[in-house]
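Dumped target_13.pdb below, it's PDB, C-alpha atoms (C1' of nucleotides) and all ligand atoms:
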```pdb
MODEL        1
ATOM      1  CA  MET A1299       0.000   0.000   0.000
ATOM      2  CA  LEU A1300       2.774   2.413   0.948
ATOM      3  CA  GLU A1301       5.175   0.878  -1.579
ATOM      4  CA  LYS A1302       4.421   3.646  -4.010
ATOM      5  CA  TYR A1303       5.657   6.256  -1.560
ATOM      6  CA  VAL A1304       8.645   4.226  -0.427
ATOM      7  CA  LYS A1305       9.686   4.097  -4.046
ATOM      8  CA  LEU A1306       9.248   7.854  -4.454
ATOM      9  CA  LEU A1307      11.445   8.567  -1.456
ATOM     10  CA  LYS A1308      14.148   6.070  -2.407
ATOM     11  CA  GLU A1309      14.317   7.411  -5.935
ATOM     12  CA  ASN A1310      15.118  10.773  -4.396
ATOM     13  CA  SER A1311      17.558   9.415  -1.798
ATOM     14  CA  ILE A1312      15.362  10.584   1.028
ATOM     15  CA  LYS A1313      15.274   8.490   4.170
ATOM     16  CA  VAL A1314      12.111   6.465   4.454
ATOM     17  CA  THR A1315      10.248   7.321   7.645
ATOM     18  CA  PRO A1316       6.657   6.534   8.632
ATOM     19  CA  GLN A1317       5.943  10.262   9.004
ATOM     20  CA  ARG A1318       7.067  11.044   5.491
ATOM     21  CA  LEU A1319       5.163   8.105   4.074
ATOM     22  CA  GLU A1320       1.964   9.109   5.826
ATOM     23  CA  THR A1321       2.355  12.709   4.721
ATOM     24  CA  LEU A1322       2.784  11.633   1.114
ATOM     25  CA  LYS A1323      -0.141   9.233   1.327
ATOM     26  CA  TYR A1324      -2.361  11.927   2.769
ATOM     27  CA  LEU A1325      -1.477  14.380   0.018
ATOM     28  CA  ASP A1326      -1.960  11.747  -2.657
ATOM     29  CA  GLU A1327      -5.397  10.824  -1.350
ATOM     30  CA  ASN A1328      -6.502  14.376  -0.529
ATOM     31  CA  ARG A1329      -6.159  16.521  -3.592
ATOM     32  CA  THR A1330      -7.802  19.487  -1.871
ATOM     33  CA  HIS A1331      -4.543  21.411  -1.426
ATOM     34  CA  PRO A1332      -4.598  21.044   2.355
ATOM     35  CA  THR A1333      -2.863  23.292   4.856
ATOM     36  CA  VAL A1334      -0.160  22.099   7.227
ATOM     37  CA  ASP A1335      -2.690  22.092  10.019
ATOM     38  CA  GLU A1336      -5.171  19.978   8.103
ATOM     39  CA  ILE A1337      -2.509  17.404   7.339
ATOM     40  CA  TYR A1338      -1.243  17.440  10.902
ATOM     41  CA  SER A1339      -4.662  17.149  12.547
ATOM     42  CA  GLU A1340      -5.630  14.194  10.421
ATOM     43  CA  LEU A1341      -2.376  12.277  10.791
ATOM     44  CA  LYS A1342      -2.221  12.958  14.505
ATOM     45  CA  GLU A1343      -5.335  10.867  14.991
ATOM     46  CA  LYS A1344      -3.537   7.711  13.894
ATOM     47  CA  ASN A1345      -0.226   8.742  15.442
ATOM     48  CA  PRO A1346      -0.793  10.807  18.601
ATOM     49  CA  SER A1347       2.902  11.408  19.162
ATOM     50  CA  LEU A1348       3.239  13.160  15.821
ATOM     51  CA  SER A1349       4.769  16.604  15.974
ATOM     52  CA  LYS A1350       3.661  19.476  13.807
ATOM     53  CA  THR A1351       7.292  20.403  13.268
ATOM     54  CA  THR A1352       7.744  17.051  11.570
ATOM     55  CA  ILE A1353       4.977  17.896   9.131
ATOM     56  CA  TYR A1354       6.666  21.191   8.361
ATOM     57  CA  ASN A1355      10.010  19.429   7.915
ATOM     58  CA  SER A1356       8.598  16.615   5.807
ATOM     59  CA  LEU A1357       6.735  18.956   3.502
ATOM     60  CA  GLU A1358       9.799  21.125   3.081
ATOM     61  CA  THR A1359      11.971  18.148   2.209
ATOM     62  CA  LEU A1360       9.436  16.766  -0.252
ATOM     63  CA  LYS A1361       9.125  20.156  -1.883
ATOM     64  CA  GLU A1362      12.884  20.646  -2.126
ATOM     65  CA  HIS A1363      13.086  17.428  -4.097
ATOM     66  CA  GLY A1364      10.247  18.440  -6.371
ATOM     67  CA  ILE A1365       8.028  15.579  -5.258
ATOM     68  CA  ILE A1366       5.254  17.942  -4.190
ATOM     69  CA  GLN A1367       4.622  21.642  -4.627
ATOM     70  CA  SER A1368       3.340  24.383  -2.370
ATOM     71  CA  LEU A1369       0.766  27.036  -3.150
ATOM     72  CA  THR A1370       0.693  30.589  -1.829
ATOM     73  CA  ILE A1371      -2.757  31.203  -3.236
ATOM     74  CA  SER A1372      -4.507  31.906   0.047
ATOM     75  CA  GLY A1373      -1.969  34.363   1.387
ATOM     76  CA  THR A1374      -2.217  33.528   5.050
ATOM     77  CA  GLU A1375      -0.944  29.966   4.883
ATOM     78  CA  LEU A1376       0.854  27.581   2.615
ATOM     79  CA  ARG A1377      -1.027  24.771   0.949
ATOM     80  CA  TYR A1378       0.401  21.592  -0.494
ATOM     81  CA  ASP A1379      -0.240  19.638  -3.657
ATOM     82  CA  PHE A1380       0.792  16.074  -4.477
ATOM     83  CA  GLU A1381       0.608  16.986  -8.153
ATOM     84  CA  ASN A1382       4.000  18.383  -9.029
ATOM     85  CA  LYS A1383       3.394  19.270 -12.664
ATOM     86  CA  ILE A1384       2.665  22.886 -13.546
ATOM     87  CA  HIS A1385      -1.034  23.624 -13.492
ATOM     88  CA  HIS A1386      -3.214  26.530 -12.475
ATOM     89  CA  HIS A1387      -5.619  26.983  -9.568
ATOM     90  CA  PHE A1388      -8.911  28.662  -8.864
ATOM     91  CA  LEU A1389      -9.717  29.781  -5.319
ATOM     92  CA  CYS A1390     -13.395  30.310  -4.597
ATOM     93  CA  LYS A1391     -13.791  33.189  -2.167
ATOM     94  CA  LYS A1392     -17.237  31.862  -1.270
ATOM     95  CA  CYS A1393     -16.681  28.215  -0.384
ATOM     96  CA  GLY A1394     -12.916  28.309  -0.043
ATOM     97  CA  ASN A1395     -12.323  25.379  -2.360
ATOM     98  CA  ILE A1396      -9.208  25.379  -4.489
ATOM     99  CA  ILE A1397      -9.857  23.847  -7.877
ATOM    100  CA  ASP A1398      -7.257  22.540 -10.316
ATOM    101  CA  ILE A1399      -7.211  24.280 -13.673
ATOM    102  CA  ASP A1400      -5.430  22.053 -16.110
ATOM    103  CA  ILE A1401      -3.595  24.565 -18.243
ATOM    104  CA  GLU A1402       0.033  25.314 -18.898
ATOM    105  CA  CYS A1403       1.359  28.846 -18.890
ATOM    106  CA  PRO A1404       2.153  29.866 -22.469
ATOM    107  CA  ASN A1405       4.328  32.719 -21.235
ATOM    108  CA  ILE A1406       7.224  30.855 -19.699
ATOM    109  CA  ASN A1407       9.401  31.267 -22.752
ATOM    110  CA  LYS A1408       8.916  34.987 -22.565
ATOM    111  CA  ILE A1409      10.366  35.001 -19.066
ATOM    112  CA  LEU A1410      13.213  32.691 -19.967
ATOM    113  CA  ASN A1411      14.110  34.888 -22.919
ATOM    114  CA  SER A1412      14.384  37.895 -20.653
ATOM    115  CA  GLY A1413      17.242  36.188 -18.848
ATOM    116  CA  HIS A1414      15.598  34.932 -15.670
ATOM    117  CA  GLU A1415      15.818  31.327 -14.537
ATOM    118  CA  VAL A1416      12.393  29.955 -13.723
ATOM    119  CA  GLU A1417      11.984  27.274 -11.067
ATOM    120  CA  GLU A1418       8.321  27.628 -10.190
ATOM    121  CA  VAL A1419       5.238  28.733 -12.094
ATOM    122  CA  HIS A1420       2.008  29.616 -10.326
ATOM    123  CA  GLY A1421      -1.248  30.639 -11.962
ATOM    124  CA  TYR A1422      -3.946  31.662  -9.529
ATOM    125  CA  PHE A1423      -7.489  32.788 -10.261
ATOM    126  CA  LYS A1424      -9.794  33.985  -7.507
ATOM    127  CA  GLY A1425     -13.519  34.586  -7.607
ATOM    128  CA  LYS A1426     -16.733  32.609  -7.270
ATOM    129  CA  CYS A1427     -16.748  29.020  -8.455
ATOM    130  CA  LYS A1428     -19.241  27.393 -10.789
ATOM    131  CA  LYS A1429     -21.099  25.644  -7.956
ATOM    132  CA  CYS A1430     -21.409  28.759  -5.828
ATOM    133  CA  MET A1431     -22.577  30.706  -8.882
ATOM    134  CA  LYS A1432     -25.459  28.261  -9.359
ATOM    135  CA  LYS A1433     -26.477  28.462  -5.727
ATOM    136  CA  GLY A1434     -26.796  32.211  -6.159
ATOM    137  CA  SER A1435     -26.355  34.490  -3.137
TER
ATOM    138  CA  MET B 166       1.151  66.897  -4.616
ATOM    139  CA  LEU B 167      -1.389  64.694  -2.904
ATOM    140  CA  GLU B 168      -4.182  65.900  -5.198
ATOM    141  CA  LYS B 169      -3.818  62.827  -7.342
ATOM    142  CA  TYR B 170      -4.616  60.580  -4.378
ATOM    143  CA  VAL B 171      -7.400  62.795  -3.064
ATOM    144  CA  LYS B 172      -9.006  62.441  -6.469
ATOM    145  CA  LEU B 173      -8.606  58.680  -6.410
ATOM    146  CA  LEU B 174     -10.275  58.397  -3.026
ATOM    147  CA  LYS B 175     -13.127  60.781  -3.852
ATOM    148  CA  GLU B 176     -13.845  58.976  -7.094
ATOM    149  CA  ASN B 177     -14.344  55.867  -5.010
ATOM    150  CA  SER B 178     -16.377  57.562  -2.261
ATOM    151  CA  ILE B 179     -13.733  56.785   0.318
ATOM    152  CA  LYS B 180     -13.166  59.295   3.076
ATOM    153  CA  VAL B 181      -9.987  61.269   2.604
ATOM    154  CA  THR B 182      -7.623  60.834   5.528
ATOM    155  CA  PRO B 183      -3.927  61.701   5.789
ATOM    156  CA  GLN B 184      -3.132  58.068   6.528
ATOM    157  CA  ARG B 185      -4.810  56.832   3.370
ATOM    158  CA  LEU B 186      -3.174  59.524   1.284
ATOM    159  CA  GLU B 187       0.260  58.712   2.609
ATOM    160  CA  THR B 188      -0.273  55.012   2.078
ATOM    161  CA  LEU B 189      -1.290  55.597  -1.527
ATOM    162  CA  LYS B 190       1.607  57.955  -2.116
ATOM    163  CA  TYR B 191       4.048  55.453  -0.698
ATOM    164  CA  LEU B 192       2.746  52.670  -2.902
ATOM    165  CA  ASP B 193       2.764  54.908  -5.952
ATOM    166  CA  GLU B 194       6.364  55.932  -5.363
ATOM    167  CA  ASN B 195       7.610  52.507  -4.267
ATOM    168  CA  ARG B 196       6.789  49.980  -6.911
ATOM    169  CA  THR B 197       8.723  47.275  -5.089
ATOM    170  CA  HIS B 198       5.606  45.449  -3.865
ATOM    171  CA  PRO B 199       6.277  46.331  -0.233
ATOM    172  CA  THR B 200       5.013  44.451   2.793
ATOM    173  CA  VAL B 201       2.710  45.994   5.384
ATOM    174  CA  ASP B 202       5.646  46.333   7.705
ATOM    175  CA  GLU B 203       7.772  48.138   5.150
ATOM    176  CA  ILE B 204       4.997  50.629   4.477
ATOM    177  CA  TYR B 205       4.341  51.082   8.177
ATOM    178  CA  SER B 206       7.976  51.550   9.182
ATOM    179  CA  GLU B 207       8.557  54.186   6.537
ATOM    180  CA  LEU B 208       5.379  56.185   7.180
ATOM    181  CA  LYS B 209       5.846  56.001  10.930
ATOM    182  CA  GLU B 210       8.981  58.113  10.618
ATOM    183  CA  LYS B 211       6.998  61.106   9.420
ATOM    184  CA  ASN B 212       4.007  60.340  11.598
ATOM    185  CA  PRO B 213       5.110  58.712  14.868
ATOM    186  CA  SER B 214       1.551  58.230  16.103
ATOM    187  CA  LEU B 215       0.679  56.064  13.136
ATOM    188  CA  SER B 216      -0.769  52.683  14.010
ATOM    189  CA  LYS B 217      -0.009  49.526  12.095
ATOM    190  CA  THR B 218      -3.676  48.606  12.294
ATOM    191  CA  THR B 219      -4.416  51.679  10.234
ATOM    192  CA  ILE B 220      -2.082  50.490   7.518
ATOM    193  CA  TYR B 221      -3.852  47.140   7.499
ATOM    194  CA  ASN B 222      -7.232  48.876   7.362
ATOM    195  CA  SER B 223      -6.233  51.348   4.684
ATOM    196  CA  LEU B 224      -4.741  48.709   2.451
ATOM    197  CA  GLU B 225      -7.826  46.534   2.840
ATOM    198  CA  THR B 226     -10.130  49.410   1.930
ATOM    199  CA  LEU B 227      -8.035  50.410  -1.082
ATOM    200  CA  LYS B 228      -7.971  46.832  -2.265
ATOM    201  CA  GLU B 229     -11.719  46.362  -1.829
ATOM    202  CA  HIS B 230     -12.261  49.288  -4.162
ATOM    203  CA  GLY B 231      -9.818  47.937  -6.709
ATOM    204  CA  ILE B 232      -7.470  50.889  -6.354
ATOM    205  CA  ILE B 233      -4.548  48.665  -5.438
ATOM    206  CA  GLN B 234      -3.946  44.938  -5.471
ATOM    207  CA  SER B 235      -2.303  42.498  -3.112
ATOM    208  CA  LEU B 236       0.129  39.721  -3.928
ATOM    209  CA  THR B 237       0.465  36.368  -2.183
ATOM    210  CA  ILE B 238       3.638  35.521  -4.043
ATOM    211  CA  SER B 239       5.910  35.253  -1.039
ATOM    212  CA  GLY B 240       3.665  33.018   1.030
ATOM    213  CA  THR B 241       4.481  34.333   4.455
ATOM    214  CA  GLU B 242       3.175  37.864   4.044
ATOM    215  CA  LEU B 243       0.986  39.965   1.787
ATOM    216  CA  ARG B 244       2.547  42.496  -0.510
ATOM    217  CA  TYR B 245       0.875  45.469  -2.124
ATOM    218  CA  ASP B 246       0.976  46.982  -5.588
ATOM    219  CA  PHE B 247      -0.208  50.405  -6.707
ATOM    220  CA  GLU B 248      -0.598  49.011 -10.216
ATOM    221  CA  ASN B 249      -4.088  47.548 -10.312
ATOM    222  CA  LYS B 250      -4.074  46.158 -13.858
ATOM    223  CA  ILE B 251      -3.468  42.472 -14.338
ATOM    224  CA  HIS B 252       0.187  41.698 -14.783
ATOM    225  CA  HIS B 253       2.557  38.923 -13.776
ATOM    226  CA  HIS B 254       5.387  38.826 -11.258
ATOM    227  CA  PHE B 255       8.753  37.217 -10.876
ATOM    228  CA  LEU B 256      10.147  36.574  -7.398
ATOM    229  CA  CYS B 257      13.894  36.085  -7.228
ATOM    230  CA  LYS B 258      14.718  33.559  -4.534
ATOM    231  CA  LYS B 259      18.248  34.936  -4.389
ATOM    232  CA  CYS B 260      17.827  38.692  -3.921
ATOM    233  CA  GLY B 261      14.150  38.709  -2.953
ATOM    234  CA  ASN B 262      13.159  41.296  -5.534
ATOM    235  CA  ILE B 263       9.738  41.049  -7.099
ATOM    236  CA  ILE B 264       9.814  42.108 -10.732
ATOM    237  CA  ASP B 265       6.829  43.117 -12.845
ATOM    238  CA  ILE B 266       6.275  40.957 -15.886
ATOM    239  CA  ASP B 267       4.099  42.846 -18.275
ATOM    240  CA  ILE B 268       1.971  40.112 -19.729
ATOM    241  CA  GLU B 269      -1.707  39.319 -19.688
ATOM    242  CA  CYS B 270      -2.973  35.857 -18.976
ATOM    243  CA  PRO B 271      -4.300  34.352 -22.211
ATOM    244  CA  ASN B 272      -6.207  31.715 -20.278
ATOM    245  CA  ILE B 273      -8.866  33.772 -18.566
ATOM    246  CA  ASN B 274     -11.480  32.988 -21.180
ATOM    247  CA  LYS B 275     -10.959  29.307 -20.567
ATOM    248  CA  ILE B 276     -11.833  29.793 -16.897
ATOM    249  CA  LEU B 277     -14.818  31.984 -17.646
ATOM    250  CA  ASN B 278     -16.129  29.417 -20.091
ATOM    251  CA  SER B 279     -15.999  26.758 -17.426
ATOM    252  CA  GLY B 280     -18.565  28.699 -15.413
ATOM    253  CA  HIS B 281     -16.459  30.353 -12.750
ATOM    254  CA  GLU B 282     -16.526  34.075 -12.079
ATOM    255  CA  VAL B 283     -13.015  35.515 -12.005
ATOM    256  CA  GLU B 284     -12.225  38.534  -9.826
ATOM    257  CA  GLU B 285      -8.463  38.258  -9.516
ATOM    258  CA  VAL B 286      -5.716  36.871 -11.726
ATOM    259  CA  HIS B 287      -2.241  36.192 -10.402
ATOM    260  CA  GLY B 288       0.706  34.943 -12.404
ATOM    261  CA  TYR B 289       3.795  34.204 -10.340
ATOM    262  CA  PHE B 290       7.169  32.954 -11.473
ATOM    263  CA  LYS B 291       9.912  32.111  -8.995
ATOM    264  CA  GLY B 292      13.567  31.458  -9.601
ATOM    265  CA  LYS B 293      16.768  33.396 -10.068
ATOM    266  CA  CYS B 294      16.576  36.809 -11.708
ATOM    267  CA  LYS B 295      18.652  38.091 -14.604
ATOM    268  CA  LYS B 296      20.915  40.165 -12.374
ATOM    269  CA  CYS B 297      21.581  37.363  -9.916
ATOM    270  CA  MET B 298      22.258  35.012 -12.840
ATOM    271  CA  LYS B 299      25.005  37.307 -14.104
ATOM    272  CA  LYS B 300      26.596  37.585 -10.687
ATOM    273  CA  GLY B 301      26.904  33.830 -10.667
ATOM    274  CA  SER B 302      27.015  31.943  -7.341
TER
ATOM    275  C1'  DT C 712      24.369  -5.887  15.722
ATOM    276  C1'  DA C 713      26.738  -1.462  16.446
ATOM    277  C1'  DT C 714      27.393   3.045  14.825
ATOM    278  C1'  DT C 715      26.251   7.534  13.333
ATOM    279  C1'  DA C 716      24.248  10.934  10.696
ATOM    280  C1'  DT C 717      19.732  12.233  10.163
ATOM    281  C1'  DA C 718      14.896  12.725  11.614
ATOM    282  C1'  DT C 719      11.432  13.420  15.144
ATOM    283  C1'  DT C 720       9.624  15.507  19.078
ATOM    284  C1'  DG C 721       8.310  19.158  22.263
ATOM    285  C1'  DT C 722       8.703  23.601  23.481
ATOM    286  C1'  DA C 723       9.703  28.329  22.953
ATOM    287  C1'  DA C 724      10.314  32.318  20.005
ATOM    288  C1'  DT C 725       9.100  34.966  16.124
ATOM    289  C1'  DT C 726       6.144  37.022  12.752
ATOM    290  C1'  DA C 727       1.894  38.255  10.335
ATOM    291  C1'  DT C 728      -2.697  39.127  10.935
ATOM    292  C1'  DT C 729      -7.109  39.980  13.245
ATOM    293  C1'  DA C 730     -10.190  41.556  17.103
ATOM    294  C1'  DC C 731     -11.818  45.083  19.668
ATOM    295  C1'  DA C 732     -12.853  49.158  22.513
ATOM    296  C1'  DA C 733     -11.718  53.967  23.384
ATOM    297  C1'  DA C 734     -10.423  58.306  21.328
ATOM    298  C1'  DT C 735     -10.348  61.087  17.276
ATOM    299  C1'  DT C 736     -11.858  63.101  13.020
ATOM    300  C1'  DA C 737     -13.922  63.811   8.091
ATOM    301  C1'  DG C 738     -17.641  65.409   6.052
ATOM    302  C1'  DA C 739     -22.580  66.223   6.038
ATOM    303  C1'  DA C 740     -26.162  68.997   8.010
ATOM    304  C1'  DA C 741     -27.721  72.901  10.420
TER
ATOM    305  C1'  DT D1048     -18.934  78.464  10.525
ATOM    306  C1'  DT D1049     -20.365  75.312  14.020
ATOM    307  C1'  DT D1050     -22.452  70.980  15.407
ATOM    308  C1'  DC D1051     -23.161  66.270  14.987
ATOM    309  C1'  DT D1052     -22.369  61.514  13.927
ATOM    310  C1'  DA D1053     -20.782  57.716  11.544
ATOM    311  C1'  DA D1054     -16.499  56.251  10.145
ATOM    312  C1'  DT D1055     -11.594  56.089  11.090
ATOM    313  C1'  DT D1056      -7.543  55.768  13.835
ATOM    314  C1'  DT D1057      -5.085  54.195  17.665
ATOM    315  C1'  DG D1058      -3.239  50.985  21.039
ATOM    316  C1'  DT D1059      -3.386  46.781  22.914
ATOM    317  C1'  DA D1060      -4.458  42.065  23.150
ATOM    318  C1'  DA D1061      -5.478  37.709  20.896
ATOM    319  C1'  DT D1062      -4.846  34.459  17.262
ATOM    320  C1'  DA D1063      -2.458  31.870  13.828
ATOM    321  C1'  DA D1064       1.416  30.397  10.931
ATOM    322  C1'  DT D1065       6.037  29.552  10.849
ATOM    323  C1'  DT D1066      10.743  28.969  12.531
ATOM    324  C1'  DA D1067      14.445  27.898  15.993
ATOM    325  C1'  DC D1068      16.492  24.718  18.725
ATOM    326  C1'  DA D1069      18.010  21.124  21.880
ATOM    327  C1'  DA D1070      17.051  16.502  23.523
ATOM    328  C1'  DT D1071      15.641  11.999  22.068
ATOM    329  C1'  DA D1072      14.874   8.439  18.755
ATOM    330  C1'  DT D1073      15.686   5.985  14.537
ATOM    331  C1'  DA D1074      16.956   4.640   9.461
ATOM    332  C1'  DA D1075      20.449   3.068   6.955
ATOM    333  C1'  DT D1076      25.114   1.718   6.602
ATOM    334  C1'  DA D1077      29.059  -0.985   7.839
TER
HETATM  335 MN    MN E   1      -3.404  21.489  -7.739
HETATM  336 MN    MN E   2       3.438  44.549  -9.841
HETATM  337 ZN    ZN E   3     -17.334  27.982  -4.394
HETATM  338 ZN    ZN E   4      17.774  38.363  -7.969
ENDMDL
END
```
Mind turning the file's structure into structure tokens?
Amino acid sequence: MLEKYVKLLKENSIKVTPQRLETLKYLDENRTHPTVDEIYSELKEKNPSLSKTTIYNSLETLKEHGIIQSLTISGTELRYDFENKIHHHFLCKKCGNIIDIDIECPNINKILNSGHEVEEVHGYFKGKCKKCMKKGS
Amino acid sequence: MLEKYVKLLKENSIKVTPQRLETLKYLDENRTHPTVDEIYSELKEKNPSLSKTTIYNSLETLKEHGIIQSLTISGTELRYDFENKIHHHFLCKKCGNIIDIDIECPNINKILNSGHEVEEVHGYFKGKCKKCMKKGS
DNA sequence: TATTATATTGTAATTATTACAAATTAGAAA
DNA sequence: TTTCTAATTTGTAATAATTACAATATAATA
């Protein structure tokens, strides 16, 4: 069950620890772009001795190796995404959901040509999502 | 000198206060996408009784009316921009500078077509800027 | 199995933001 | 111009996210 994540870590020469495996598993199974606190609260239920610092550390390590990515879309806290390919996001100011928008940025070349070295690309849209639009209000 | 900002506020039916004028002036003259603290520290020099809460309030009001915009590019703190038109940004992880990238997002229609209502568009690139690339290291 | 560099834990410190009540003030009305 | 009042500013306290750090535990190697 966790083999998939063990493999991911070993491929990146990262030590395999239960905390890292559980963090990866949670992100893989919860594609809602959760906050550190959401991840921590959930995992703490199964492992009461879990420390929030470990979640911070694990996420940082996974991000450094490009296994996951972080989003700054909400401003007040970082959110994490198991999907590491470039894609865009839509944040609904009504319901708070963050929706994947499956598009590439056609402008990257423009940036590269201007002499900068691009490591991360983030496309964020904010507004009212389809569902909330239907509900009215 | 401040007439420009008085006009801006009156056009938006916002009460004209010295604090709001100074905040606007600072943002207009400092296109570095400053943090709340940077704005506060600078303005406090001229007006020692200035409260940081006022800066938070002023910025929020100006943003609500679309006079300025805020950036979540750095993750840990909000940054503000006098330029309210949609444009992209590049954050250099080396020197910390946030550079304007003057491009529109060609994807907005795609989002609109999918039924969402878009209020804000943010395009962030992160990496190493031209200048830092030249310097090496 | 023994060793050791690395990871985890728990706590404290730092930083950004928000909440809130008292004092002040901008702008409308008299 | 003066008076009035709702809105704004101030100062402080509370909350929330993140980072720092030292002691303990453990994964991976020999
Ligand atoms: Mn995503
Ligand atoms: Mn800008
Ligand atoms: Zn919604
Ligand atoms: Zn740079």
Sorted per-residue table, chain A near ligand ZN 3 (chain E), closest atoms and distance, 10 Å, all atoms listed in the file, as CSV:
```
residue,atom,partner,partner_atom,distance
A:Phe1388,CA,E:ZN3,ZN,9.6
A:Leu1389,CA,E:ZN3,ZN,7.9
A:Cys1390,CA,E:ZN3,ZN,4.6
A:Lys1391,CA,E:ZN3,ZN,6.7
A:Lys1392,CA,E:ZN3,ZN,5.0
A:Cys1393,CA,E:ZN3,ZN,4.1
A:Gly1394,CA,E:ZN3,ZN,6.2
A:Asn1395,CA,E:ZN3,ZN,6.0
A:Ile1396,CA,E:ZN3,ZN,8.5
A:Ile1397,CA,E:ZN3,ZN,9.2
A:Gly1425,CA,E:ZN3,ZN,8.3
A:Lys1426,CA,E:ZN3,ZN,5.5
A:Cys1427,CA,E:ZN3,ZN,4.2
A:Lys1428,CA,E:ZN3,ZN,6.7
A:Lys1429,CA,E:ZN3,ZN,5.7
A:Cys1430,CA,E:ZN3,ZN,4.4
A:Met1431,CA,E:ZN3,ZN,7.4
A:Lys1432,CA,E:ZN3,ZN,9.5
A:Lys1433,CA,E:ZN3,ZN,9.3
```
Evaluated on this file, the PyMOL selection byres ((chain A) within 8 of (chain B)) picks out some residues - which ones are they, written as a JSON list (two decimals) with C-alpha atoms, keeping the file's coordinate frame?
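Listing of out.json after writing:
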```json
[["chain", "number", "residue", "atom", "x", "y", "z"],
["A", 1369, "LEU", "CA", 0.77, 27.04, -3.15],
["A", 1370, "THR", "CA", 0.69, 30.59, -1.83],
["A", 1371, "ILE", "CA", -2.76, 31.20, -3.24],
["A", 1372, "SER", "CA", -4.51, 31.91, 0.05],
["A", 1373, "GLY", "CA", -1.97, 34.36, 1.39],
["A", 1374, "THR", "CA", -2.22, 33.53, 5.05],
["A", 1375, "GLU", "CA", -0.94, 29.97, 4.88],
["A", 1376, "LEU", "CA", 0.85, 27.58, 2.62],
["A", 1399, "ILE", "CA", -7.21, 24.28, -13.67],
["A", 1401, "ILE", "CA", -3.60, 24.56, -18.24],
["A", 1404, "PRO", "CA", 2.15, 29.87, -22.47],
["A", 1405, "ASN", "CA", 4.33, 32.72, -21.24],
["A", 1409, "ILE", "CA", 10.37, 35.00, -19.07],
["A", 1412, "SER", "CA", 14.38, 37.90, -20.65],
["A", 1413, "GLY", "CA", 17.24, 36.19, -18.85],
["A", 1414, "HIS", "CA", 15.60, 34.93, -15.67],
["A", 1415, "GLU", "CA", 15.82, 31.33, -14.54],
["A", 1416, "VAL", "CA", 12.39, 29.96, -13.72],
["A", 1417, "GLU", "CA", 11.98, 27.27, -11.07],
["A", 1418, "GLU", "CA", 8.32, 27.63, -10.19],
["A", 1419, "VAL", "CA", 5.24, 28.73, -12.09],
["A", 1420, "HIS", "CA", 2.01, 29.62, -10.33],
["A", 1421, "GLY", "CA", -1.25, 30.64, -11.96],
["A", 1422, "TYR", "CA", -3.95, 31.66, -9.53],
["A", 1423, "PHE", "CA", -7.49, 32.79, -10.26],
["A", 1424, "LYS", "CA", -9.79, 33.98, -7.51],
["A", 1425, "GLY", "CA", -13.52, 34.59, -7.61],
["A", 1426, "LYS", "CA", -16.73, 32.61, -7.27],
["A", 1427, "CYS", "CA", -16.75, 29.02, -8.46],
["A", 1428, "LYS", "CA", -19.24, 27.39, -10.79],
["A", 1431, "MET", "CA", -22.58, 30.71, -8.88]]
```
Given the file above and the PyMOL selection byres ((chain B) within 10 of (chain D)), which residues are selected, and can you give them as a compact mmCIF listing (two decimals) with C-alpha atoms, in the coordinates of the input?
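And here's part_5.txt as it stands now:
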```
# COMPACT_ATOMS: atom_id res chain seq x y z
CA LYS B 180 -13.17 59.30 3.08
CA THR B 182 -7.62 60.83 5.53
CA GLN B 184 -3.13 58.07 6.53
CA SER B 214 1.55 58.23 16.10
CA LEU B 215 0.68 56.06 13.14
CA SER B 216 -0.77 52.68 14.01
CA LYS B 217 -0.01 49.53 12.10
CA THR B 218 -3.68 48.61 12.29
CA THR B 219 -4.42 51.68 10.23
CA ILE B 220 -2.08 50.49 7.52
CA ASN B 222 -7.23 48.88 7.36
CA SER B 223 -6.23 51.35 4.68
CA THR B 241 4.48 34.33 4.46
```
**Request:** Please identify every residue of chain C that has at least one atom no more than 8 Å from any atom of chain A, counting only C-alpha atoms (C1' of nucleotides), and report them as a PyMOL selection string.
**Result:** chain C and resi 719-721
Selection above as a file: C-alpha atoms (C1' of nucleotides), as a tab-separated table (two decimals), in the frame of the given file:
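As written to disk, part-v3.tsv reads:
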```tsv
chain	number	residue	atom	x	y	z
C	719	DT	C1'	11.43	13.42	15.14
C	720	DT	C1'	9.62	15.51	19.08
C	721	DG	C1'	8.31	19.16	22.26
```
**Prompt:** Mind listing the residues within 9 Å of ligand MN 1 (chain E), all atoms listed in the file counted, as number ranges by chain?
**Reply:** A: 1329-1331, 1367, 1369, 1378-1387, 1396-1400
Would you mind completing region 255-260 of chain B so that it carries N, CA and C atoms, and writing it out as an mmCIF file, in the coordinates of the input?
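What landed in rebuild-v7.cif:
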```
data_model
loop_
_atom_site.group_PDB
_atom_site.id
_atom_site.type_symbol
_atom_site.label_atom_id
_atom_site.label_comp_id
_atom_site.auth_asym_id
_atom_site.auth_seq_id
_atom_site.Cartn_x
_atom_site.Cartn_y
_atom_site.Cartn_z
ATOM 1 N N PHE B 255 7.645 38.154 -11.030
ATOM 2 C CA PHE B 255 8.753 37.217 -10.876
ATOM 3 C C PHE B 255 9.421 37.472 -9.533
ATOM 4 N N LEU B 256 9.471 36.455 -8.695
ATOM 5 C CA LEU B 256 10.147 36.574 -7.398
ATOM 6 C C LEU B 256 11.500 35.893 -7.470
ATOM 7 N N CYS B 257 12.552 36.672 -7.230
ATOM 8 C CA CYS B 257 13.894 36.085 -7.228
ATOM 9 C C CYS B 257 14.183 35.511 -5.843
ATOM 10 N N LYS B 258 14.456 34.226 -5.810
ATOM 11 C CA LYS B 258 14.718 33.559 -4.534
ATOM 12 C C LYS B 258 16.079 33.952 -3.972
ATOM 13 N N LYS B 259 16.907 34.542 -4.810
ATOM 14 C CA LYS B 259 18.248 34.936 -4.389
ATOM 15 C C LYS B 259 18.214 36.315 -3.711
ATOM 16 N N CYS B 260 17.769 37.323 -4.443
ATOM 17 C CA CYS B 260 17.827 38.692 -3.921
ATOM 18 C C CYS B 260 16.487 39.148 -3.330
#
```
